[in-house]
Amino acid sequence: MIRIGVDFGGTKIEAAALDADGRFVARVRGPSPREYQAGLEATREIVLEAERQAGVRAARVGVGGPGSPSPSSGLMRNANSTELNERPFPADLERILERPVRYANDANCLALSEAMDGAGADCEVVLALILGTGCGAGVTVGRRILEGRNGFAGEWGHMPLPWPAMAEHPGPSCWCGRRGCMELWVSGTGFSKDHGGGLSGEQIIAAARQGDRAAAATLDRYVGRLARGLAVVCDVLDPDVIILGGGMSNVGELYERLPGAIAPLVFSDVFETPVRPAMHGDSSGVRGAAWLWPLEP
């Protein structure tokens with residue numbers, strides 16, 4: 001059985017055809033228009049091309065993207081691709097693709113992919129973070145996405161930074177209408193802005209490794225803030241593993257330093273939770289979207 005996963009991002013749309021063992025049969029990418037109808041049409045064309053390359057028709061389609069549909073109205077909410085908000089995006093995808101579509105938040109898709117056969121395959125409770133242009137989180141329990149009663153479980157990027165210092169309060173303004181959200185501190189964008197802007201995250205990390213004190217201090221602040229945010233989630237969830245995806249997940253120092261930075265902040269005398277990079281890297285989103293459909297034909 002072939003399933004199609006779609007990763008609907010702010011800059012690109014990717015569709016991938018996966019076989020029953022999770023192996024890629026086809027992959028297609030294209031730019032993501034910022035206009036709503038154009039985005040729907042681009043998704044249709046990319047899905048059809050993936051099916052053509054895979055030699056199938058009318059395959060099952062799962063879509064991972066920003067935000068989530070409200071269970072009361074079906075309209076999108078909380079999407080940083082704001083053109084989706086207040087729109088019936090999943091229903092419109094079904095209409096334009098002429099088949100049922102399953103939709104999930106992109107961080108949930110990351111968590112599902114890694115729980116199925118990635119860095120969390122040996123774990124019951126998986127917490128997965130996307131630390132990229134923005135930031136989000138997804139949770140799986142027993143290889144099933146934890147969506148919550150109201151369908152927004154895992155919106156970690158828009159909780160406030162815990163235990164803020166005076167210099168961090170009230171924090172910068174967020175597109176969501178609040179101030180001091182985690183996304184503003186621990187996304188790749190936030191990391192660069194905290195250093196004063198002008199340098200990419202990769203450049204800041206390279207400078208820190210070469211002994212630049214200002215860059216090293218920026219990295220120290222980043223680790224501390226990320227640890228604070230994770231400690232609060234660990235107090236509530238106590239996951240078996242923490243998995244990092246997105247651009248900042250390529251920073252090797254995080255895996256060395258985060259467990260020790262989280263440990264004194266959690267309400268426990270023991271903290272042995274591993275922090276791991278996503279095994280499937282940038283492919284996890286599209287793989288997780290495909291996994292939204294069960295294995296049965």
# chains A, B, ... in the order shown; residues from 1 in each chain; ligands from 1
call {"tool": "residues_around", "arguments": {"residues": "region 97-103 of chain A", "least_positions_apart": "5", "cutoff": "12 Å", "atoms": "only C-alpha atoms", "output": "PyMOL selection string"}}
result
chain A and resi 3-8+40-48+51+57-70+74+76+88-92+108-109+145+147+151+285-286+288-294
call {"tool": "residues_around", "arguments": {"residues": "region 173-175 of chain A", "least_positions_apart": "2", "cutoff": "12 Å", "atoms": "only C-alpha atoms", "output": "PyMOL selection string"}}
result
chain A and resi 78-82+134+157-160+168-171+177-185+190
call {"tool": "write_last_selection", "arguments": {"atoms": "C-alpha atoms", "output": "CSV table (one decimal), in the first residue's frame"}}
result
chain,number,residue,atom,x,y,z
A,78,ASN,CA,-2.7,29.1,15.5
A,79,ALA,CA,-0.9,28.9,12.1
A,80,ASN,CA,2.1,31.0,11.7
A,81,SER,CA,1.3,30.8,7.9
A,82,THR,CA,-1.4,33.2,8.8
A,134,GLY,CA,9.4,29.1,14.5
A,157,GLY,CA,6.0,27.4,21.4
A,158,HIS,CA,3.4,29.8,22.7
A,159,MET,CA,3.8,29.2,26.4
A,160,PRO,CA,5.8,32.0,28.2
A,168,GLU,CA,13.7,38.9,29.7
A,169,HIS,CA,10.5,40.4,31.1
A,170,PRO,CA,8.0,41.1,29.6
A,171,GLY,CA,9.7,39.7,26.4
A,177,GLY,CA,-0.7,38.6,20.2
A,178,ARG,CA,1.2,37.7,23.4
A,179,ARG,CA,4.6,38.6,24.7
A,180,GLY,CA,7.6,36.4,25.7
A,181,CYS,CA,6.5,33.2,23.9
A,182,MET,CA,9.1,30.4,23.8
A,183,GLU,CA,9.2,30.6,20.0
A,184,LEU,CA,10.7,34.1,20.3
A,185,TRP,CA,13.6,32.8,22.4
A,190,GLY,CA,15.1,34.0,18.1
call {"tool": "atom_distance", "arguments": {"atom1": "CA of Leu127 (chain A)", "atom2": "CA of Arg257 (chain A)"}}
result
17.7 Å
call {"tool": "atom_distance", "arguments": {"atom1": "CA of Gly281 (chain A)", "atom2": "CA of Gly229 (chain A)"}}
result
22.2 Å
call {"tool": "select_by_dssp", "arguments": {"residues": "region 66-284 of chain A", "states": "strand (DSSP E)", "output": "ChimeraX atom specification"}}
result
/A:68-69,76-77,101-105,125-131,135-141,144-145,241-245,275-277
call {"tool": "atom_distance", "arguments": {"atom1": "CA of Asp235 (chain A)", "atom2": "CA of Tyr222 (chain A)"}}
result
20.2 Å
call {"tool": "closest_residue", "arguments": {"among": "A:Cys123, A:Met279, A:Ile204, A:Leu226", "to": "Pro259 (chain A)", "atoms": "only C-alpha atoms"}}
result
A:Leu226
call {"tool": "residues_around", "arguments": {"residues": "region 267-278 of chain A", "least_positions_apart": "5", "cutoff": "7 Å", "atoms": "only C-alpha atoms", "output": "CSV table (one decimal) with N, CA and C atoms, in the first residue's frame"}}
result
chain,number,residue,atom,x,y,z
A,114,GLU,N,9.2,9.9,14.3
A,114,GLU,CA,10.3,9.4,15.1
A,114,GLU,C,9.8,8.3,16.1
A,119,ALA,N,14.1,8.0,16.3
A,119,ALA,CA,14.9,8.2,17.5
A,119,ALA,C,14.0,7.9,18.7
A,235,ASP,N,8.0,18.3,33.9
A,235,ASP,CA,7.3,18.2,35.2
A,235,ASP,C,5.8,17.7,34.9
A,240,ASP,N,9.7,9.9,27.9
A,240,ASP,CA,10.8,8.9,27.8
A,240,ASP,C,12.0,9.4,27.0
A,241,VAL,N,11.7,10.3,26.1
A,241,VAL,CA,12.8,10.9,25.2
A,241,VAL,C,12.3,12.3,24.8
A,242,ILE,N,13.3,13.1,24.6
A,242,ILE,CA,13.1,14.4,23.9
A,242,ILE,C,13.8,14.4,22.6
A,243,ILE,N,13.1,14.7,21.5
A,243,ILE,CA,13.7,14.6,20.2
A,243,ILE,C,13.7,16.1,19.6
A,244,LEU,N,14.8,16.5,19.0
A,244,LEU,CA,14.9,17.8,18.4
A,244,LEU,C,14.9,17.7,16.9
A,245,GLY,N,14.1,18.5,16.3
A,245,GLY,CA,14.2,18.7,14.8
A,245,GLY,C,14.3,20.2,14.5
A,249,SER,N,18.4,21.9,15.6
A,249,SER,CA,18.7,20.5,16.1
A,249,SER,C,20.1,20.0,15.6
A,255,TYR,N,22.9,18.4,22.7
A,255,TYR,CA,22.8,17.1,23.2
A,255,TYR,C,23.7,16.8,24.4
A,259,PRO,N,20.6,17.9,28.9
A,259,PRO,CA,20.2,17.0,30.1
A,259,PRO,C,20.7,17.6,31.4
call {"tool": "residues_around", "arguments": {"residues": "His195 (chain A)", "least_positions_apart": "2", "cutoff": "9 Å", "atoms": "only C-alpha atoms", "output": "compact mmCIF listing (two decimals) with C-alpha atoms, in the first residue's frame"}}
result
# COMPACT_ATOMS: atom_id res chain seq x y z
CA GLY A 190 15.08 34.03 18.11
CA PHE A 191 18.62 32.73 18.54
CA SER A 192 19.89 35.07 15.82
CA LYS A 193 17.94 38.06 17.15
CA GLY A 197 20.90 40.05 14.30
CA GLY A 198 23.09 40.12 11.23
CA LEU A 199 24.50 36.61 11.69
CA ILE A 204 27.00 32.25 15.65
CA ALA A 214 29.79 37.07 22.71
CA ALA A 215 28.72 34.11 20.58
CA ALA A 217 27.31 33.82 25.75
CA THR A 218 24.47 33.75 23.22
CA LEU A 219 24.70 29.96 23.09
call {"tool": "closest_residue", "arguments": {"among": "A:Ala227, A:Asp117, A:Asp238, A:Val56", "to": "Val139 (chain A)", "atoms": "only C-alpha atoms"}}
result
A:Asp238
call {"tool": "select_by_dssp", "arguments": {"residues": "region 93-279 of chain A", "states": "helix (DSSP H, G or I)", "output": "PyMOL selection string"}}
result
chain A and resi 93-97+106-117+156-158+166-168+182-186+188-194+201-209+213-237+247-250+253-265
call {"tool": "closest_residue", "arguments": {"among": "A:Ser284, A:Pro71, A:Gly260, A:Ser187", "to": "Asn150 (chain A)", "atoms": "only C-alpha atoms"}}
result
A:Pro71
call {"tool": "closest_residue", "arguments": {"among": "A:Val141, A:Ala16, A:Ala38, A:Ala216", "to": "Met116 (chain A)", "atoms": "only C-alpha atoms"}}
result
A:Val141
call {"tool": "closest_residue", "arguments": {"among": "A:Pro31, A:Gly252, A:Gly148, A:Gly196", "to": "Ala15 (chain A)", "atoms": "only C-alpha atoms"}}
result
A:Pro31
call {"tool": "closest_residue", "arguments": {"among": "A:Ala206, A:Leu146, A:Val125, A:Leu131", "to": "Cys234 (chain A)", "atoms": "only C-alpha atoms"}}
result
A:Val125
